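Heads up, the thing below is written out as structure tokens.
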Amino acid sequence: MKRNKVAALLISAIAILIFTVSAFAGTEDILNRWSKTRHFESDLGSELDITVTYYSSEYIEALVQNEAEKNLWTADEAENYKYELLKGLQLDEYVPVHIEFDNKGSAMHMAPFDRQIVIWIGNKKFTPVDYDKRFNFKLLGKRDGLVYFPRFDEKSGKSLLEKAKRVKVSLSGGISSTMDGIATVDFLWDVDNDDPEKLFKGKAAAQLEMDRLIKRIEKLSGEKSVLEAQLAEIQAELDKINLRIEELRKE
Amino acid sequence: MKKFLALVAVVALVAFAAPAFAANPFMDVPMNSWAYDAISQLSAVGVVSGYPDGTFKGNQPMTRYEMASIVARALAVVDMNKASKQDVEMLKKLVVEFKDELDALGVQVDELDSRVAVLEENLGGWKFWGEFRLDAKFGDEVDGAYGLGGDTDFTQSRYRIWMSKIIDDKVKFIGRMTGKDIGFSRYYLEVALPMDMTMWAGLWCYDWEGANGLYNDNDAWFGDQALQGFYFTKPFSMGDFSFYIAHNDGASVDEYFRYGLDVNFNVAENFRIGLGALMFDYDFTDDGGEVYNVNFGFNFTDDIAFKGVYYMEDIDTVAAGVDDGPSAWRAILDVSQNAFGFTSVWIEYANADDSFFLFDFNGCDTDGSGPFDNYGAVTTPGLGRGQQDKETDILFVKLNQKWNDNWSTFQRYVDSSADPVGGGDYDVQNLTFGVKYYYTPNLSFELVYDDVDYGDAWAGTLDDDSLIRLRTHVKF
């Protein structure tokens, strides 16, 4: 086959595909962008798919919109769904990442899982704060779960995502022999155009703030009770001492 | 590890055991039942406590419900440091016996999962896993293109038993046994070094083309090899950096050093570029050479990627008149099934100069086969097999259809065209159809029909043939 013919065929195919794809851009594409899959196949035929989803504000908005359209929800119902979603993901405290394994290869042994995964936010690397403990089990077949990374700098308390341009989730290749020879598997997203604060606007955000405030009231009330109990103890001791002094005076 | 595996089995039994005989939960367990002894023994070694006050009143009859309560509590407080394998086996038996009552007590498998998983974090024992395959091959020709003895082969030569052990916070051992003579094809330590570096020391495999998604069929062209030596890798936010130094120890004439270097930059979310260099240098002869490459990947969308590699070689010793600096390139269009809905598409076009040499930098587990020789027949005889006079063009197309979790089909086509200086039909066409069925995620069957046609100029060296192969593949 002539080389130039093949090259022309290849270029035409690419052009048609780009045209086709750009013509159908929609919420599905947004969802696909933030949910990336890597497929691995060994020489023996073992297969492994790893899908990692980063919960950008764009992704969550698209997900809510998609669900609302599918279920013919009212604006209120969509806001409730968003509220439940944000609450479940604990986005106000962490950077959650959803991971899905479809392992049709040898068993995967990933324990302890928090040693197998890191997130790069800008130039800094972070290990999980919490994760789905089922990832520590031997895995054959499918399993998915959430992994939580810190969202705020421990010292300054500032959001780590504030000035971040890129987020990269790296998994160790050692989690599966289907990836024999591969040191790490990366999933990365440019997040410079994503505004995480956007999520915390609207009714769902107001509800979340309400939750936070209620939690804070509970926490403060707890502290108040402890202090009141301490105060009561001190008062009781004072009363006891005063009583004894009175007794001594009478003697 | 065994203790843990057994405990996992306990959990699995709670979850999946078939409903047992629906016993009356308030019926006494007979005093001569083995369950009393089992609980007594577990209690004696402190693996479980009996009643909430920590005692076990083995001399009084208990109802099934009471006994199940003890088992449930045992699962909640079992002390893995004290439990032997026999203890956990006993616990497993108790769970099976009292499954209905445990269900009634609301023993949540998910909660157990989490707790047991936490225990596992601290166990760090040996882990074993593996796979094996049995190939039944039926060729059209006797001693034909597929390298069968006669026209039929049943081979089970590929089994792999993997093992690993976390030695401490920074060191992990990984090994793999394979082959009829039970040899180790991997054994190395993975060591976490300062500055985020990781070192592999021992016999390891690296696969740079695989990591960058630059092949999806039989093998990489370069950068996929099992070697003994030291391998270092360091990730950074924009990419990663790896290098190795290895030495082949054999008869003196076969002793050589190998060096490799690979750098990847993720310029943007959708664009990466990589640079690589592979070198080998014989200890006692002037032979050796270097292969440099530039590779890239550009994602139009997450489902459509365009990738490419350009290779440049510098061969140390060549015959007179042979180019010692040949080059090759590959261009790949990789479309996932998501884009079209019914099939994935891989279209690859490659060109290699006449003296372009593959050395033996390809294949962690294969030796000497070409990048597209998936079923045993040579499909690119003009490519990289020494200093030939045939410039080679290759078109490779692979389609894969995943119909559901169990069934998938695929088709592949290789057209290799070798253009010698003196002319002649050195073309090769290879066509494959396959269907794969997963009976369970652990067990699959694959039926393949493969046909290879060689141009007239190969007559006598390579002859047309076809193959039917049934592969049984077990993973555990």
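Letters A, B, ... mark the chains of the structure tokens in the order given; residue numbers begin at 1 per chain; ligand numbers begin at 1, in order shown.
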Backbone-only DSSP, strand (DSSP E) members of range 2-249 of chain A, as a PyMOL selection string | chain A and resi 35-41+47-54+94-108+117-121+124-126+130-131+139-150+166-172+184-190
For range 184-194 of chain A, please output as a ChimeraX atom specification all residues within 6 Å (counting only C-alpha atoms; exclusion window: fewer than 6 positions along the same chain).
-> /A:165-173 /B:269
File of the preceding selection, C-alpha atoms, as an mmCIF file, in the first residue's frame:
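Final file, result.cif:
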```cif
data_model
loop_
_atom_site.group_PDB
_atom_site.id
_atom_site.type_symbol
_atom_site.label_atom_id
_atom_site.label_comp_id
_atom_site.auth_asym_id
_atom_site.auth_seq_id
_atom_site.Cartn_x
_atom_site.Cartn_y
_atom_site.Cartn_z
ATOM 1 C CA LYS A 165 -3.900 25.011 37.339
ATOM 2 C CA ARG A 166 -3.725 21.251 37.234
ATOM 3 C CA VAL A 167 -4.797 18.258 39.260
ATOM 4 C CA LYS A 168 -3.185 14.872 38.710
ATOM 5 C CA VAL A 169 -4.235 11.613 40.351
ATOM 6 C CA SER A 170 -1.484 8.979 40.254
ATOM 7 C CA LEU A 171 -2.000 5.303 40.995
ATOM 8 C CA SER A 172 0.847 2.875 41.476
ATOM 9 C CA GLY A 173 1.218 0.400 38.615
ATOM 10 C CA GLU B 269 -4.457 17.939 29.885
#
```
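Closest approach to Asp100 in chain B from the set B:Ser336, B:Gln225, B:Thr152, B:Ser69 is made by B:Ser69, with distances taken over only C-alpha atoms.
Proximity of B:Pro326, B:Gly229, B:Gly125, B:Pro194 to Ser164 in chain B, computed with only C-alpha atoms, is greatest for B:Gly125.
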Mind running chain A against chain B at 8 Å and telling me each contacting residue's nearest atom pair with the distance in Å (one decimal), counting only C-alpha atoms, chain and number ascending, as JSON lines?
```
{"residue": "A:Met1", "atom": "CA", "partner": "B:Ser417", "partner_atom": "CA", "distance": 7.0}
{"residue": "A:Arg3", "atom": "CA", "partner": "B:Asp393", "partner_atom": "CA", "distance": 7.2}
{"residue": "A:Val6", "atom": "CA", "partner": "B:Tyr349", "partner_atom": "CA", "distance": 7.4}
{"residue": "A:Ala7", "atom": "CA", "partner": "B:Tyr349", "partner_atom": "CA", "distance": 7.8}
{"residue": "A:Leu10", "atom": "CA", "partner": "B:Leu333", "partner_atom": "CA", "distance": 7.6}
{"residue": "A:Ile14", "atom": "CA", "partner": "B:Leu333", "partner_atom": "CA", "distance": 7.5}
{"residue": "A:Ile18", "atom": "CA", "partner": "B:Phe300", "partner_atom": "CA", "distance": 6.9}
{"residue": "A:Val21", "atom": "CA", "partner": "B:Ala339", "partner_atom": "CA", "distance": 7.9}
{"residue": "A:Asn32", "atom": "CA", "partner": "B:Asp302", "partner_atom": "CA", "distance": 6.8}
{"residue": "A:Arg33", "atom": "CA", "partner": "B:Asp302", "partner_atom": "CA", "distance": 6.1}
{"residue": "A:Lys36", "atom": "CA", "partner": "B:Asp302", "partner_atom": "CA", "distance": 7.0}
{"residue": "A:Glu41", "atom": "CA", "partner": "B:Asn216", "partner_atom": "CA", "distance": 7.5}
{"residue": "A:Asp43", "atom": "CA", "partner": "B:Asn218", "partner_atom": "CA", "distance": 6.4}
{"residue": "A:Leu44", "atom": "CA", "partner": "B:Arg133", "partner_atom": "CA", "distance": 7.5}
{"residue": "A:Gly45", "atom": "CA", "partner": "B:His473", "partner_atom": "CA", "distance": 7.9}
{"residue": "A:Asn103", "atom": "CA", "partner": "B:Pro441", "partner_atom": "CA", "distance": 7.4}
{"residue": "A:Lys104", "atom": "CA", "partner": "B:Pro441", "partner_atom": "CA", "distance": 5.1}
{"residue": "A:Gly105", "atom": "CA", "partner": "B:Lys475", "partner_atom": "CA", "distance": 5.8}
{"residue": "A:Ser106", "atom": "CA", "partner": "B:Lys475", "partner_atom": "CA", "distance": 4.6}
{"residue": "A:Ala107", "atom": "CA", "partner": "B:Phe476", "partner_atom": "CA", "distance": 5.4}
{"residue": "A:Met108", "atom": "CA", "partner": "B:Trp129", "partner_atom": "CA", "distance": 7.8}
{"residue": "A:His109", "atom": "CA", "partner": "B:Lys127", "partner_atom": "CA", "distance": 7.4}
{"residue": "A:Ala111", "atom": "CA", "partner": "B:Glu121", "partner_atom": "CA", "distance": 5.9}
{"residue": "A:Pro112", "atom": "CA", "partner": "B:Glu121", "partner_atom": "CA", "distance": 5.0}
{"residue": "A:Trp120", "atom": "CA", "partner": "B:Ser237", "partner_atom": "CA", "distance": 6.0}
{"residue": "A:Ile121", "atom": "CA", "partner": "B:Ser237", "partner_atom": "CA", "distance": 7.7}
{"residue": "A:Gly122", "atom": "CA", "partner": "B:Ser237", "partner_atom": "CA", "distance": 6.6}
{"residue": "A:Asn123", "atom": "CA", "partner": "B:Ser237", "partner_atom": "CA", "distance": 5.3}
{"residue": "A:Lys124", "atom": "CA", "partner": "B:Ser237", "partner_atom": "CA", "distance": 7.4}
{"residue": "A:Lys125", "atom": "CA", "partner": "B:Ser237", "partner_atom": "CA", "distance": 8.0}
{"residue": "A:Lys133", "atom": "CA", "partner": "B:Ser114", "partner_atom": "CA", "distance": 5.3}
{"residue": "A:Arg134", "atom": "CA", "partner": "B:Ser114", "partner_atom": "CA", "distance": 6.4}
{"residue": "A:Asn136", "atom": "CA", "partner": "B:Ala117", "partner_atom": "CA", "distance": 5.5}
{"residue": "A:Phe137", "atom": "CA", "partner": "B:Ala117", "partner_atom": "CA", "distance": 6.5}
{"residue": "A:Leu140", "atom": "CA", "partner": "B:Pro441", "partner_atom": "CA", "distance": 6.7}
{"residue": "A:Gly141", "atom": "CA", "partner": "B:Pro441", "partner_atom": "CA", "distance": 5.5}
{"residue": "A:Lys168", "atom": "CA", "partner": "B:Ser237", "partner_atom": "CA", "distance": 7.1}
{"residue": "A:Asp180", "atom": "CA", "partner": "B:Cys205", "partner_atom": "CA", "distance": 6.8}
{"residue": "A:Gly181", "atom": "CA", "partner": "B:Tyr206", "partner_atom": "CA", "distance": 3.7}
{"residue": "A:Ile182", "atom": "CA", "partner": "B:Ala211", "partner_atom": "CA", "distance": 5.6}
{"residue": "A:Ala183", "atom": "CA", "partner": "B:Thr233", "partner_atom": "CA", "distance": 7.6}
{"residue": "A:Thr184", "atom": "CA", "partner": "B:Ala211", "partner_atom": "CA", "distance": 7.9}
{"residue": "A:Val185", "atom": "CA", "partner": "B:Ala211", "partner_atom": "CA", "distance": 7.2}
{"residue": "A:Leu188", "atom": "CA", "partner": "B:Glu269", "partner_atom": "CA", "distance": 6.1}
{"residue": "A:Trp189", "atom": "CA", "partner": "B:Glu269", "partner_atom": "CA", "distance": 5.3}
{"residue": "A:Asp190", "atom": "CA", "partner": "B:Glu269", "partner_atom": "CA", "distance": 5.5}
```
Near-range 285-295 of chain B list (8 Å; only C-alpha atoms; drop same-chain fewer than 4 positions) as a list in words = Val253, Ile273, Gly274, Leu275, Gly276, Ala277, Leu278, Met279, Phe280, Asp281, Lys307, Gly308, Val309, Tyr310, Tyr311, Met312, Glu313, Asp314, Ile315, Asp316 and Thr317 of chain B
Given the selection you just returned, output its residues as a file containing C-alpha atoms, formatted as a compact mmCIF listing (two decimals), in the first residue's frame.
```txt
# COMPACT_ATOMS: atom_id res chain seq x y z
CA VAL B 253 30.65 -12.62 24.63
CA ILE B 273 5.30 14.66 24.86
CA GLY B 274 8.05 12.21 25.76
CA LEU B 275 11.71 11.68 25.10
CA GLY B 276 13.53 8.38 25.46
CA ALA B 277 16.92 6.82 24.96
CA LEU B 278 17.95 3.17 25.12
CA MET B 279 21.57 2.08 24.90
CA PHE B 280 23.44 -1.16 25.02
CA ASP B 281 27.11 -1.79 25.11
CA LYS B 307 -0.30 9.44 18.97
CA GLY B 308 3.06 9.09 17.33
CA VAL B 309 6.67 8.04 17.78
CA TYR B 310 9.81 8.86 15.86
CA TYR B 311 12.85 6.59 16.40
CA MET B 312 16.45 7.31 15.50
CA GLU B 313 19.15 4.68 15.75
CA ASP B 314 22.88 4.70 15.98
CA ILE B 315 24.23 1.20 15.37
CA ASP B 316 27.84 0.66 16.38
CA THR B 317 28.85 -2.00 13.88
```
Which residue of B:Tyr426, B:Tyr437, B:Tyr256, B:Tyr413 approaches Asp456 in chain B most closely, using only C-alpha atoms = B:Tyr426
